[in-house]
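Data file: input-v9.txt. Format and content: compact mmCIF, N, CA and C atoms and all ligand atoms.
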# COMPACT_ATOMS: atom_id res chain seq x y z
N MET A 12 101.85 -128.45 25.26
CA MET A 12 100.93 -127.47 24.68
C MET A 12 99.71 -127.28 25.57
N LEU A 13 99.14 -128.43 26.00
CA LEU A 13 97.96 -128.39 26.87
C LEU A 13 98.31 -127.74 28.20
N ILE A 14 99.49 -128.07 28.71
CA ILE A 14 99.92 -127.52 30.00
C ILE A 14 100.08 -126.01 29.90
N LYS A 15 100.65 -125.58 28.77
CA LYS A 15 100.84 -124.14 28.54
C LYS A 15 99.50 -123.41 28.52
N THR A 16 98.54 -124.02 27.83
CA THR A 16 97.21 -123.41 27.71
C THR A 16 96.54 -123.32 29.08
N VAL A 17 96.64 -124.44 29.82
CA VAL A 17 96.03 -124.50 31.16
C VAL A 17 96.67 -123.46 32.07
N SER A 18 98.00 -123.35 32.03
CA SER A 18 98.67 -122.39 32.91
C SER A 18 98.35 -120.96 32.47
N ALA A 19 98.16 -120.75 31.17
CA ALA A 19 97.80 -119.41 30.68
C ALA A 19 96.41 -119.03 31.19
N ILE A 20 95.48 -119.98 31.12
CA ILE A 20 94.11 -119.73 31.59
C ILE A 20 94.11 -119.49 33.09
N THR A 21 94.84 -120.33 33.82
CA THR A 21 94.95 -120.17 35.28
C THR A 21 95.53 -118.80 35.62
N GLY A 22 96.58 -118.44 34.88
CA GLY A 22 97.23 -117.15 35.09
C GLY A 22 96.27 -116.00 34.85
N PHE A 23 95.47 -116.14 33.81
CA PHE A 23 94.51 -115.10 33.47
C PHE A 23 93.48 -114.92 34.59
N PHE A 24 92.97 -116.08 35.08
CA PHE A 24 91.97 -116.01 36.15
C PHE A 24 92.57 -115.44 37.43
N PHE A 25 93.81 -115.82 37.69
CA PHE A 25 94.48 -115.34 38.88
C PHE A 25 94.64 -113.81 38.81
N LEU A 26 95.06 -113.32 37.63
CA LEU A 26 95.26 -111.89 37.42
C LEU A 26 93.94 -111.13 37.57
N SER A 27 92.87 -111.70 36.99
CA SER A 27 91.55 -111.07 37.08
C SER A 27 91.12 -110.96 38.53
N PHE A 28 91.39 -112.05 39.28
CA PHE A 28 91.04 -112.12 40.68
C PHE A 28 91.77 -111.03 41.47
N VAL A 29 93.08 -110.93 41.23
CA VAL A 29 93.91 -109.93 41.92
C VAL A 29 93.41 -108.52 41.58
N THR A 30 93.13 -108.29 40.30
CA THR A 30 92.63 -106.97 39.84
C THR A 30 91.34 -106.61 40.55
N LEU A 31 90.46 -107.62 40.67
CA LEU A 31 89.16 -107.40 41.31
C LEU A 31 89.33 -107.01 42.78
N ILE A 32 90.23 -107.71 43.47
CA ILE A 32 90.50 -107.44 44.89
C ILE A 32 91.07 -106.03 45.06
N VAL A 33 92.07 -105.70 44.24
CA VAL A 33 92.73 -104.39 44.32
C VAL A 33 91.70 -103.28 44.07
N TRP A 34 90.86 -103.49 43.04
CA TRP A 34 89.82 -102.52 42.69
C TRP A 34 88.85 -102.32 43.86
N GLY A 35 88.47 -103.43 44.49
CA GLY A 35 87.55 -103.39 45.63
C GLY A 35 88.13 -102.61 46.79
N VAL A 36 89.42 -102.83 47.05
CA VAL A 36 90.10 -102.15 48.16
C VAL A 36 90.17 -100.65 47.89
N ILE A 37 90.50 -100.27 46.64
CA ILE A 37 90.58 -98.85 46.27
C ILE A 37 89.21 -98.19 46.42
N ARG A 38 88.17 -98.89 45.96
CA ARG A 38 86.80 -98.37 46.04
C ARG A 38 86.39 -98.15 47.50
N LEU A 39 86.71 -99.11 48.33
CA LEU A 39 86.39 -99.04 49.76
C LEU A 39 87.09 -97.85 50.39
N GLY A 40 88.36 -97.66 49.99
CA GLY A 40 89.16 -96.55 50.52
C GLY A 40 88.54 -95.22 50.21
N PHE A 41 88.02 -95.10 48.96
CA PHE A 41 87.37 -93.86 48.54
C PHE A 41 86.11 -93.61 49.36
N GLN A 42 85.32 -94.69 49.56
CA GLN A 42 84.06 -94.56 50.27
C GLN A 42 84.27 -94.12 51.71
N SER A 43 85.27 -94.71 52.36
CA SER A 43 85.49 -94.37 53.76
C SER A 43 86.05 -92.95 53.90
N GLY A 44 86.61 -92.42 52.78
CA GLY A 44 87.17 -91.07 52.81
C GLY A 44 86.10 -89.99 52.84
N SER A 45 84.90 -90.31 52.34
CA SER A 45 83.84 -89.31 52.33
C SER A 45 83.04 -89.37 53.63
N GLU A 46 82.25 -88.32 53.84
CA GLU A 46 81.45 -88.26 55.06
C GLU A 46 80.38 -89.34 55.05
N PRO A 47 79.98 -89.82 56.22
CA PRO A 47 78.93 -90.85 56.26
C PRO A 47 77.62 -90.31 55.72
N GLY A 48 76.96 -91.10 54.89
CA GLY A 48 75.69 -90.69 54.33
C GLY A 48 75.83 -89.71 53.19
N GLU A 49 77.07 -89.40 52.83
CA GLU A 49 77.32 -88.44 51.75
C GLU A 49 77.04 -89.08 50.40
N ILE A 50 76.26 -88.41 49.57
CA ILE A 50 76.00 -88.91 48.23
C ILE A 50 77.17 -88.53 47.33
N PRO A 51 77.47 -89.34 46.32
CA PRO A 51 78.57 -88.97 45.42
C PRO A 51 78.19 -87.77 44.56
N PRO A 52 79.17 -86.94 44.19
CA PRO A 52 78.85 -85.78 43.36
C PRO A 52 78.32 -86.18 41.99
N ALA A 53 77.37 -85.41 41.47
CA ALA A 53 76.80 -85.66 40.14
C ALA A 53 77.75 -85.16 39.06
N ALA A 54 78.60 -84.21 39.41
CA ALA A 54 79.58 -83.69 38.46
C ALA A 54 80.80 -83.20 39.21
N ILE A 55 81.96 -83.40 38.60
CA ILE A 55 83.22 -82.99 39.21
C ILE A 55 84.00 -82.14 38.20
N LEU A 56 84.54 -81.05 38.70
CA LEU A 56 85.35 -80.17 37.85
C LEU A 56 86.73 -80.03 38.46
N SER A 57 87.74 -80.12 37.64
CA SER A 57 89.11 -79.87 38.08
C SER A 57 89.88 -79.32 36.89
N GLU A 58 90.23 -78.05 36.96
CA GLU A 58 90.89 -77.44 35.81
C GLU A 58 91.96 -76.45 36.25
N GLN A 59 93.09 -76.53 35.57
CA GLN A 59 94.18 -75.61 35.85
C GLN A 59 93.97 -74.33 35.05
N LEU A 60 93.68 -73.23 35.75
CA LEU A 60 93.59 -71.94 35.08
C LEU A 60 94.97 -71.30 35.13
N SER A 61 95.14 -70.18 34.44
CA SER A 61 96.48 -69.57 34.42
C SER A 61 96.88 -69.06 35.80
N ASP A 62 95.90 -68.83 36.69
CA ASP A 62 96.20 -68.33 38.04
C ASP A 62 96.22 -69.39 39.12
N GLY A 63 95.75 -70.59 38.77
CA GLY A 63 95.73 -71.64 39.78
C GLY A 63 94.74 -72.74 39.44
N LEU A 64 94.62 -73.66 40.39
CA LEU A 64 93.75 -74.82 40.19
C LEU A 64 92.36 -74.56 40.75
N ILE A 65 91.35 -74.75 39.89
CA ILE A 65 89.97 -74.59 40.35
C ILE A 65 89.31 -75.97 40.34
N GLU A 66 88.62 -76.26 41.44
CA GLU A 66 87.94 -77.55 41.55
C GLU A 66 86.53 -77.33 42.07
N ALA A 67 85.60 -78.17 41.62
CA ALA A 67 84.22 -78.07 42.09
C ALA A 67 83.55 -79.42 42.06
N GLN A 68 82.62 -79.62 43.00
CA GLN A 68 81.80 -80.82 43.05
C GLN A 68 80.34 -80.38 43.15
N VAL A 69 79.54 -80.94 42.24
CA VAL A 69 78.12 -80.59 42.22
C VAL A 69 77.33 -81.76 42.80
N TYR A 70 76.53 -81.47 43.83
CA TYR A 70 75.68 -82.49 44.46
C TYR A 70 74.23 -82.20 44.13
N ILE A 71 73.53 -83.19 43.62
CA ILE A 71 72.12 -83.04 43.31
C ILE A 71 71.32 -83.63 44.47
N LEU A 72 70.49 -82.78 45.08
CA LEU A 72 69.81 -83.18 46.32
C LEU A 72 68.36 -83.57 46.12
N GLY A 73 67.85 -83.44 44.87
CA GLY A 73 66.47 -83.76 44.58
C GLY A 73 65.58 -82.54 44.67
N ASP A 74 64.44 -82.58 43.97
CA ASP A 74 63.50 -81.47 43.95
C ASP A 74 64.18 -80.19 43.46
N LEU A 75 65.07 -80.35 42.46
CA LEU A 75 65.82 -79.28 41.79
C LEU A 75 66.88 -78.60 42.67
N ALA A 76 67.02 -79.09 43.90
CA ALA A 76 68.00 -78.49 44.80
C ALA A 76 69.41 -79.01 44.49
N TYR A 77 70.39 -78.15 44.68
CA TYR A 77 71.78 -78.55 44.47
C TYR A 77 72.68 -77.90 45.52
N ARG A 78 73.84 -78.51 45.68
CA ARG A 78 74.88 -77.94 46.52
C ARG A 78 76.17 -78.03 45.74
N ILE A 79 76.92 -76.95 45.69
CA ILE A 79 78.18 -76.94 44.94
C ILE A 79 79.31 -76.56 45.88
N GLU A 80 80.34 -77.38 45.90
CA GLU A 80 81.53 -77.10 46.69
C GLU A 80 82.62 -76.66 45.73
N ILE A 81 83.27 -75.54 46.04
CA ILE A 81 84.30 -75.00 45.15
C ILE A 81 85.59 -74.76 45.92
N GLN A 82 86.70 -75.14 45.29
CA GLN A 82 88.01 -74.88 45.88
C GLN A 82 88.91 -74.22 44.84
N PHE A 83 89.67 -73.24 45.29
CA PHE A 83 90.64 -72.59 44.41
C PHE A 83 91.99 -72.53 45.11
N LEU A 84 93.00 -73.04 44.40
CA LEU A 84 94.36 -73.03 44.93
C LEU A 84 95.22 -72.18 44.00
N PRO A 85 95.44 -70.90 44.37
CA PRO A 85 96.21 -70.03 43.46
C PRO A 85 97.67 -70.47 43.33
N ASP A 86 98.21 -70.27 42.13
CA ASP A 86 99.64 -70.54 41.91
C ASP A 86 100.47 -69.55 42.73
N PRO A 87 101.71 -69.89 43.06
CA PRO A 87 102.56 -68.96 43.83
C PRO A 87 102.74 -67.61 43.12
N THR A 88 102.66 -67.61 41.79
CA THR A 88 102.85 -66.38 41.03
C THR A 88 101.55 -65.59 40.85
N SER A 89 100.43 -66.18 41.30
CA SER A 89 99.13 -65.54 41.09
C SER A 89 98.95 -64.29 41.93
N THR A 90 98.21 -63.33 41.37
CA THR A 90 97.91 -62.11 42.12
C THR A 90 96.55 -62.21 42.80
N ILE A 91 95.85 -63.34 42.55
CA ILE A 91 94.55 -63.55 43.18
C ILE A 91 94.74 -64.11 44.59
N PRO A 92 94.25 -63.41 45.62
CA PRO A 92 94.39 -63.94 46.98
C PRO A 92 93.49 -65.17 47.18
N PRO A 93 93.91 -66.11 48.03
CA PRO A 93 93.12 -67.34 48.22
C PRO A 93 91.76 -67.08 48.86
N THR A 94 91.56 -65.88 49.39
CA THR A 94 90.28 -65.55 50.02
C THR A 94 89.27 -64.97 49.03
N MET A 95 89.73 -64.70 47.80
CA MET A 95 88.84 -64.07 46.82
C MET A 95 87.95 -65.11 46.13
N PRO A 96 86.62 -64.98 46.30
CA PRO A 96 85.74 -65.97 45.69
C PRO A 96 85.69 -65.84 44.16
N PRO A 97 85.60 -66.96 43.45
CA PRO A 97 85.45 -66.88 41.99
C PRO A 97 84.02 -66.48 41.61
N GLU A 98 83.83 -66.11 40.35
CA GLU A 98 82.48 -65.84 39.86
C GLU A 98 81.89 -67.16 39.37
N VAL A 99 80.67 -67.41 39.79
CA VAL A 99 80.01 -68.66 39.40
C VAL A 99 78.66 -68.34 38.76
N ASN A 100 78.44 -68.91 37.58
CA ASN A 100 77.18 -68.70 36.87
C ASN A 100 76.61 -70.02 36.39
N LEU A 101 75.29 -70.08 36.37
CA LEU A 101 74.62 -71.25 35.80
C LEU A 101 73.90 -70.83 34.53
N SER A 102 73.93 -71.71 33.53
CA SER A 102 73.21 -71.42 32.29
C SER A 102 72.72 -72.72 31.68
N MET A 103 71.74 -72.55 30.79
CA MET A 103 71.20 -73.69 30.05
C MET A 103 71.43 -73.38 28.59
N GLU A 104 72.24 -74.18 27.94
CA GLU A 104 72.53 -73.89 26.54
C GLU A 104 71.31 -74.21 25.68
N ALA A 105 71.20 -73.56 24.54
CA ALA A 105 70.10 -73.75 23.59
C ALA A 105 68.75 -73.27 24.15
N MET A 106 68.77 -72.59 25.28
CA MET A 106 67.50 -72.09 25.83
C MET A 106 67.61 -70.61 26.17
N HIS A 107 68.77 -70.05 25.91
CA HIS A 107 69.04 -68.65 26.24
C HIS A 107 68.73 -68.36 27.71
N MET A 108 68.94 -69.37 28.52
CA MET A 108 68.79 -69.16 29.95
C MET A 108 70.19 -69.06 30.54
N ASP A 109 70.59 -67.85 30.86
CA ASP A 109 71.89 -67.71 31.48
C ASP A 109 71.94 -66.53 32.43
N GLY A 110 73.07 -66.37 33.05
CA GLY A 110 73.22 -65.27 33.99
C GLY A 110 72.67 -65.55 35.37
N TYR A 111 72.54 -66.84 35.70
CA TYR A 111 72.12 -67.17 37.07
C TYR A 111 73.35 -67.13 37.99
N GLU A 112 73.64 -65.92 38.45
CA GLU A 112 74.82 -65.74 39.29
C GLU A 112 74.59 -66.40 40.64
N GLN A 113 75.64 -67.04 41.15
CA GLN A 113 75.52 -67.81 42.38
C GLN A 113 76.18 -67.10 43.56
N GLN A 114 75.53 -67.20 44.70
CA GLN A 114 76.07 -66.62 45.93
C GLN A 114 76.95 -67.65 46.64
N LEU A 115 78.21 -67.27 46.83
CA LEU A 115 79.16 -68.18 47.46
C LEU A 115 79.30 -67.87 48.94
N LYS A 116 79.28 -68.93 49.75
CA LYS A 116 79.55 -68.76 51.17
C LYS A 116 80.90 -69.37 51.49
N PRO A 117 81.79 -68.62 52.14
CA PRO A 117 83.09 -69.19 52.46
C PRO A 117 82.97 -70.30 53.50
N VAL A 118 83.67 -71.42 53.28
CA VAL A 118 83.70 -72.50 54.26
C VAL A 118 85.11 -72.69 54.81
N ASP A 119 86.09 -72.19 54.06
CA ASP A 119 87.49 -72.32 54.48
C ASP A 119 88.30 -71.36 53.61
N ASN A 120 89.62 -71.29 53.87
CA ASN A 120 90.48 -70.48 53.04
C ASN A 120 90.56 -71.12 51.64
N GLY A 121 90.01 -70.43 50.65
CA GLY A 121 90.02 -70.97 49.29
C GLY A 121 88.95 -72.00 49.04
N ALA A 122 87.92 -72.06 49.89
CA ALA A 122 86.83 -73.01 49.70
C ALA A 122 85.49 -72.33 49.94
N TRP A 123 84.54 -72.60 49.06
CA TRP A 123 83.22 -71.96 49.15
C TRP A 123 82.13 -72.98 48.91
N ARG A 124 80.92 -72.61 49.33
CA ARG A 124 79.76 -73.49 49.15
C ARG A 124 78.61 -72.68 48.56
N ILE A 125 77.90 -73.33 47.66
CA ILE A 125 76.71 -72.72 47.06
C ILE A 125 75.55 -73.66 47.31
N GLN A 126 74.43 -73.11 47.74
CA GLN A 126 73.23 -73.92 47.88
C GLN A 126 72.10 -73.22 47.16
N GLY A 127 71.40 -73.94 46.32
CA GLY A 127 70.33 -73.30 45.57
C GLY A 127 69.38 -74.29 44.95
N LYS A 128 68.47 -73.73 44.15
CA LYS A 128 67.48 -74.54 43.48
C LYS A 128 67.46 -74.14 42.01
N ALA A 129 67.56 -75.11 41.12
CA ALA A 129 67.55 -74.81 39.69
C ALA A 129 66.17 -74.31 39.27
N PRO A 130 66.11 -73.28 38.40
CA PRO A 130 64.81 -72.78 37.94
C PRO A 130 64.00 -73.81 37.17
N MET A 131 64.71 -74.79 36.56
CA MET A 131 64.00 -75.86 35.87
C MET A 131 64.90 -77.08 35.74
N ALA A 132 64.28 -78.23 35.48
CA ALA A 132 65.05 -79.46 35.32
C ALA A 132 65.72 -79.49 33.96
N GLY A 133 66.84 -80.19 33.88
CA GLY A 133 67.55 -80.32 32.62
C GLY A 133 69.04 -80.20 32.80
N ILE A 134 69.74 -80.07 31.67
CA ILE A 134 71.20 -79.99 31.69
C ILE A 134 71.63 -78.53 31.88
N TRP A 135 72.35 -78.30 32.94
CA TRP A 135 72.88 -76.98 33.25
C TRP A 135 74.40 -76.96 33.09
N ILE A 136 74.90 -75.79 32.77
CA ILE A 136 76.35 -75.61 32.70
C ILE A 136 76.74 -74.65 33.79
N MET A 137 77.66 -75.07 34.63
CA MET A 137 78.19 -74.17 35.64
C MET A 137 79.52 -73.63 35.14
N SER A 138 79.66 -72.32 35.11
CA SER A 138 80.95 -71.72 34.78
C SER A 138 81.50 -71.09 36.05
N VAL A 139 82.79 -71.32 36.27
CA VAL A 139 83.44 -70.81 37.48
C VAL A 139 84.84 -70.33 37.13
N GLY A 140 85.19 -69.14 37.61
CA GLY A 140 86.52 -68.64 37.33
C GLY A 140 86.68 -67.18 37.70
N TYR A 141 87.77 -66.61 37.22
CA TYR A 141 88.11 -65.21 37.52
C TYR A 141 88.31 -64.49 36.19
N GLY A 142 87.50 -63.46 35.94
CA GLY A 142 87.63 -62.69 34.70
C GLY A 142 87.40 -63.56 33.47
N ASP A 143 88.38 -63.57 32.57
CA ASP A 143 88.26 -64.35 31.34
C ASP A 143 88.64 -65.81 31.54
N GLU A 144 89.24 -66.10 32.67
CA GLU A 144 89.70 -67.47 32.94
C GLU A 144 88.56 -68.26 33.58
N ILE A 145 87.90 -69.06 32.76
CA ILE A 145 86.70 -69.75 33.24
C ILE A 145 86.74 -71.23 32.90
N ALA A 146 86.32 -72.05 33.86
CA ALA A 146 86.18 -73.48 33.65
C ALA A 146 84.69 -73.81 33.67
N GLU A 147 84.31 -74.87 32.96
CA GLU A 147 82.90 -75.23 32.88
C GLU A 147 82.68 -76.70 33.18
N VAL A 148 81.50 -76.98 33.74
CA VAL A 148 81.11 -78.38 33.93
C VAL A 148 79.59 -78.48 33.77
N ARG A 149 79.15 -79.59 33.19
CA ARG A 149 77.72 -79.82 32.98
C ARG A 149 77.17 -80.72 34.06
N PHE A 150 75.94 -80.47 34.44
CA PHE A 150 75.27 -81.39 35.37
C PHE A 150 73.79 -81.41 35.08
N SER A 151 73.16 -82.47 35.47
CA SER A 151 71.73 -82.62 35.23
C SER A 151 70.95 -82.36 36.51
N ALA A 152 70.09 -81.36 36.50
CA ALA A 152 69.25 -81.05 37.66
C ALA A 152 67.90 -81.72 37.49
N ASN A 153 67.43 -82.33 38.55
CA ASN A 153 66.10 -82.96 38.48
C ASN A 153 65.44 -82.94 39.86
CU CU A 201 65.87 -73.99 30.59
What is this structure when it is put down as structure tokens?
Ligand SMILES: [Cu+2]
Amino acid sequence: MLIKTVSAITGFFFLSFVTLIVWGVIRLGFQSGSEPGEIPPAAILSEQLSDGLIEAQVYILGDLAYRIEIQFLPDPTSTIPPTMPPEVNLSMEAMHMDGYEQQLKPVDNGAWRIQGKAPMAGIWIMSVGYGDEIAEVRFSAN
């Protein structure tokens, strides 16, 4: 009985140890995948719209400044060309602050960048999409 308990405890610690190592390796892999000095995104969006996959990463740069990276991968059946930029808007719910249309700069085929400054600090909602097909993500500007 005692031996069983001891081996169970040892097994548990061994498993925890292995999990910790594996987790550390995965984390390291992610870090080396990003650019040096790159801050992690404050918000990440990934949503399948009826025309394709829309993805976005919001970076908060301080002093209300932000940078948003957007990628769109149209489905093979989509009529939207990969070069067509989505519509991007910023709004603040419960404050009737909306309609902050964003200017997209192309960085690649199906990839765009937005750089701007939030009109005020707080929780913003970014909506991105084509026509009625819109995905949303919240981020905190400060
Ligand atoms: Cu506001």
Against ligand CU 201 (chain A), which residues of chain A fall within 6 Å? For each one I want the closest pair of atoms and the distance in Å (one decimal), counting all atoms listed in the file, rows by chain and increasing residue number, as a Markdown table.
| residue | atom | partner | partner_atom | distance |
| --- | --- | --- | --- | --- |
| A:Met103 | CA | A:CU201 | CU | 5.4 |
| A:Met106 | CA | A:CU201 | CU | 5.4 |
| A:Met108 | CA | A:CU201 | CU | 5.7 |
| A:Met131 | CA | A:CU201 | CU | 5.9 |
Give me the residues within 7 Å of stretch 77-79 of chain A as a PDB file with N, CA and C atoms, in the coordinates of the input, counting only C-alpha atoms and dropping any in the same chain fewer than 5 places off.
ATOM      1  N   ALA A  67      85.600 -78.170  41.620  1.00  0.00           N
ATOM      2  CA  ALA A  67      84.220 -78.070  42.090  1.00  0.00           C
ATOM      3  C   ALA A  67      83.550 -79.420  42.060  1.00  0.00           C
ATOM      4  N   GLN A  68      82.620 -79.620  43.000  1.00  0.00           N
ATOM      5  CA  GLN A  68      81.800 -80.820  43.050  1.00  0.00           C
ATOM      6  C   GLN A  68      80.340 -80.380  43.150  1.00  0.00           C
ATOM      7  N   VAL A  69      79.540 -80.940  42.240  1.00  0.00           N
ATOM      8  CA  VAL A  69      78.120 -80.590  42.220  1.00  0.00           C
ATOM      9  C   VAL A  69      77.330 -81.760  42.800  1.00  0.00           C
ATOM     10  N   TYR A  70      76.530 -81.470  43.830  1.00  0.00           N
ATOM     11  CA  TYR A  70      75.680 -82.490  44.460  1.00  0.00           C
ATOM     12  C   TYR A  70      74.230 -82.200  44.130  1.00  0.00           C
ATOM     13  N   ILE A  71      73.530 -83.190  43.620  1.00  0.00           N
ATOM     14  CA  ILE A  71      72.120 -83.040  43.310  1.00  0.00           C
ATOM     15  C   ILE A  71      71.320 -83.630  44.470  1.00  0.00           C
ATOM     16  N   LEU A  72      70.490 -82.780  45.080  1.00  0.00           N
ATOM     17  CA  LEU A  72      69.810 -83.180  46.320  1.00  0.00           C
ATOM     18  C   LEU A  72      68.360 -83.570  46.120  1.00  0.00           C
ATOM     19  N   ARG A 124      80.920 -72.610  49.330  1.00  0.00           N
ATOM     20  CA  ARG A 124      79.760 -73.490  49.150  1.00  0.00           C
ATOM     21  C   ARG A 124      78.610 -72.680  48.560  1.00  0.00           C
ATOM     22  N   ILE A 125      77.900 -73.330  47.660  1.00  0.00           N
ATOM     23  CA  ILE A 125      76.710 -72.720  47.060  1.00  0.00           C
ATOM     24  C   ILE A 125      75.550 -73.660  47.310  1.00  0.00           C
ATOM     25  N   GLN A 126      74.430 -73.110  47.740  1.00  0.00           N
ATOM     26  CA  GLN A 126      73.230 -73.920  47.880  1.00  0.00           C
ATOM     27  C   GLN A 126      72.100 -73.220  47.160  1.00  0.00           C
ATOM     28  N   GLY A 127      71.400 -73.940  46.320  1.00  0.00           N
ATOM     29  CA  GLY A 127      70.330 -73.300  45.570  1.00  0.00           C
ATOM     30  C   GLY A 127      69.380 -74.290  44.950  1.00  0.00           C
ATOM     31  N   LYS A 128      68.470 -73.730  44.150  1.00  0.00           N
ATOM     32  CA  LYS A 128      67.480 -74.540  43.480  1.00  0.00           C
ATOM     33  C   LYS A 128      67.460 -74.140  42.010  1.00  0.00           C
TER      34      LYS A 128
END
- What separation in Å, quoted to one decimal, exists between atom CA of A:Ile65 and atom CA of A:Gly133?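 Taking atom CA of A:Ile65 and atom CA of A:Gly133, their separation equals 24.4 Å.
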- What lies within 10 Å of A:Thr94 using only C-alpha atoms, ignoring chain neighbours under 4 positions off, as a ChimeraX atom specification? /A:83-85,117,119-123
- Query: Which value, in Å to one decimal, gives the distance between atom CA of A:Gln59 and atom CA of A:Asp143?
  - Reply: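 Interatomic distance here is 13.5 Å.
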- Message: Excluding A:Asp86 and its own-chain neighbours fewer than 5 positions away, which residues fall within 7 Å of it when counting all atoms listed in the file? Please give them as a PyMOL selection string.
- Response: chain A and resi 61-64
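Distances here use all atoms listed in the file; by that measure, the residue among A:Phe150, A:Glu112, A:Ala132, A:Thr90 closest to A:Ala53 is A:Phe150.
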- Which residue of A:Ala129, A:Gly140, A:Asn100, A:Gly110 approaches A:Gln82 most closely, using only C-alpha atoms: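 Of A:Ala129, A:Gly140, A:Asn100, A:Gly110, the one nearest A:Gln82 is A:Gly140, counting only C-alpha atoms.
What separates atom N of A:Leu75 from atom CA of A:Tyr141 is a distance of 28.0 Å.
With distances restricted to all atoms listed in the file, A:Ile145 is the closest residue to A:Leu60 from A:Ile91, A:Ile136, A:Ile145, A:Val99.
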- Out of A:Ile134, A:Leu115, A:Asn153, A:Glu66, which residue has the shortest atom-to-atom distance to A:Met95 when counting only C-alpha atoms? A:Leu115
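Among the candidates A:Ala146, A:Ala54, A:Val139, A:Ala152, the one nearest to A:Pro96 when counting only C-alpha atoms is A:Val139.
For the residues A:Trp135, A:Gly142, A:Pro130, A:Tyr111, ranking by smallest atom-to-atom distance to A:Pro97 using all atoms listed in the file places A:Gly142 first.
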Saving stretch 70-86 of chain A with N, CA and C atoms, as a tab-separated table (two decimals), in the first residue's frame, what would that file be?
chain	number	residue	atom	x	y	z
A	70	TYR	N	-1.82	45.53	-31.64
A	70	TYR	CA	-0.66	45.85	-30.80
A	70	TYR	C	-0.86	47.22	-30.18
A	71	ILE	N	-0.72	47.28	-28.87
A	71	ILE	CA	-0.85	48.55	-28.16
A	71	ILE	C	0.55	49.10	-27.92
A	72	LEU	N	0.80	50.30	-28.45
A	72	LEU	CA	2.17	50.83	-28.44
A	72	LEU	C	2.40	51.89	-27.37
A	73	GLY	N	1.34	52.25	-26.62
A	73	GLY	CA	1.45	53.26	-25.59
A	73	GLY	C	1.07	54.63	-26.11
A	74	ASP	N	0.66	55.52	-25.20
A	74	ASP	CA	0.25	56.88	-25.57
A	74	ASP	C	-0.89	56.84	-26.59
A	75	LEU	N	-1.81	55.88	-26.39
A	75	LEU	CA	-3.02	55.66	-27.21
A	75	LEU	C	-2.74	55.17	-28.64
A	76	ALA	N	-1.47	54.95	-28.95
A	76	ALA	CA	-1.13	54.49	-30.29
A	76	ALA	C	-1.36	52.98	-30.42
A	77	TYR	N	-1.75	52.56	-31.61
A	77	TYR	CA	-1.95	51.14	-31.87
A	77	TYR	C	-1.49	50.79	-33.28
A	78	ARG	N	-1.24	49.51	-33.45
A	78	ARG	CA	-0.94	48.98	-34.78
A	78	ARG	C	-1.76	47.71	-34.93
A	79	ILE	N	-2.44	47.58	-36.06
A	79	ILE	CA	-3.28	46.40	-36.29
A	79	ILE	C	-2.82	45.71	-37.56
A	80	GLU	N	-2.57	44.43	-37.45
A	80	GLU	CA	-2.19	43.62	-38.61
A	80	GLU	C	-3.40	42.77	-38.97
A	81	ILE	N	-3.77	42.77	-40.25
A	81	ILE	CA	-4.96	42.04	-40.70
A	81	ILE	C	-4.60	41.12	-41.86
A	82	GLN	N	-5.13	39.90	-41.79
A	82	GLN	CA	-4.94	38.96	-42.89
A	82	GLN	C	-6.29	38.38	-43.29
A	83	PHE	N	-6.49	38.24	-44.59
A	83	PHE	CA	-7.71	37.60	-45.09
A	83	PHE	C	-7.33	36.54	-46.11
A	84	LEU	N	-7.85	35.34	-45.86
A	84	LEU	CA	-7.60	34.22	-46.77
A	84	LEU	C	-8.95	33.78	-47.34
A	85	PRO	N	-9.28	34.24	-48.57
A	85	PRO	CA	-10.59	33.89	-49.13
A	85	PRO	C	-10.72	32.39	-49.43
A	86	ASP	N	-11.92	31.88	-49.24
A	86	ASP	CA	-12.20	30.48	-49.61
A	86	ASP	C	-12.10	30.33	-51.12
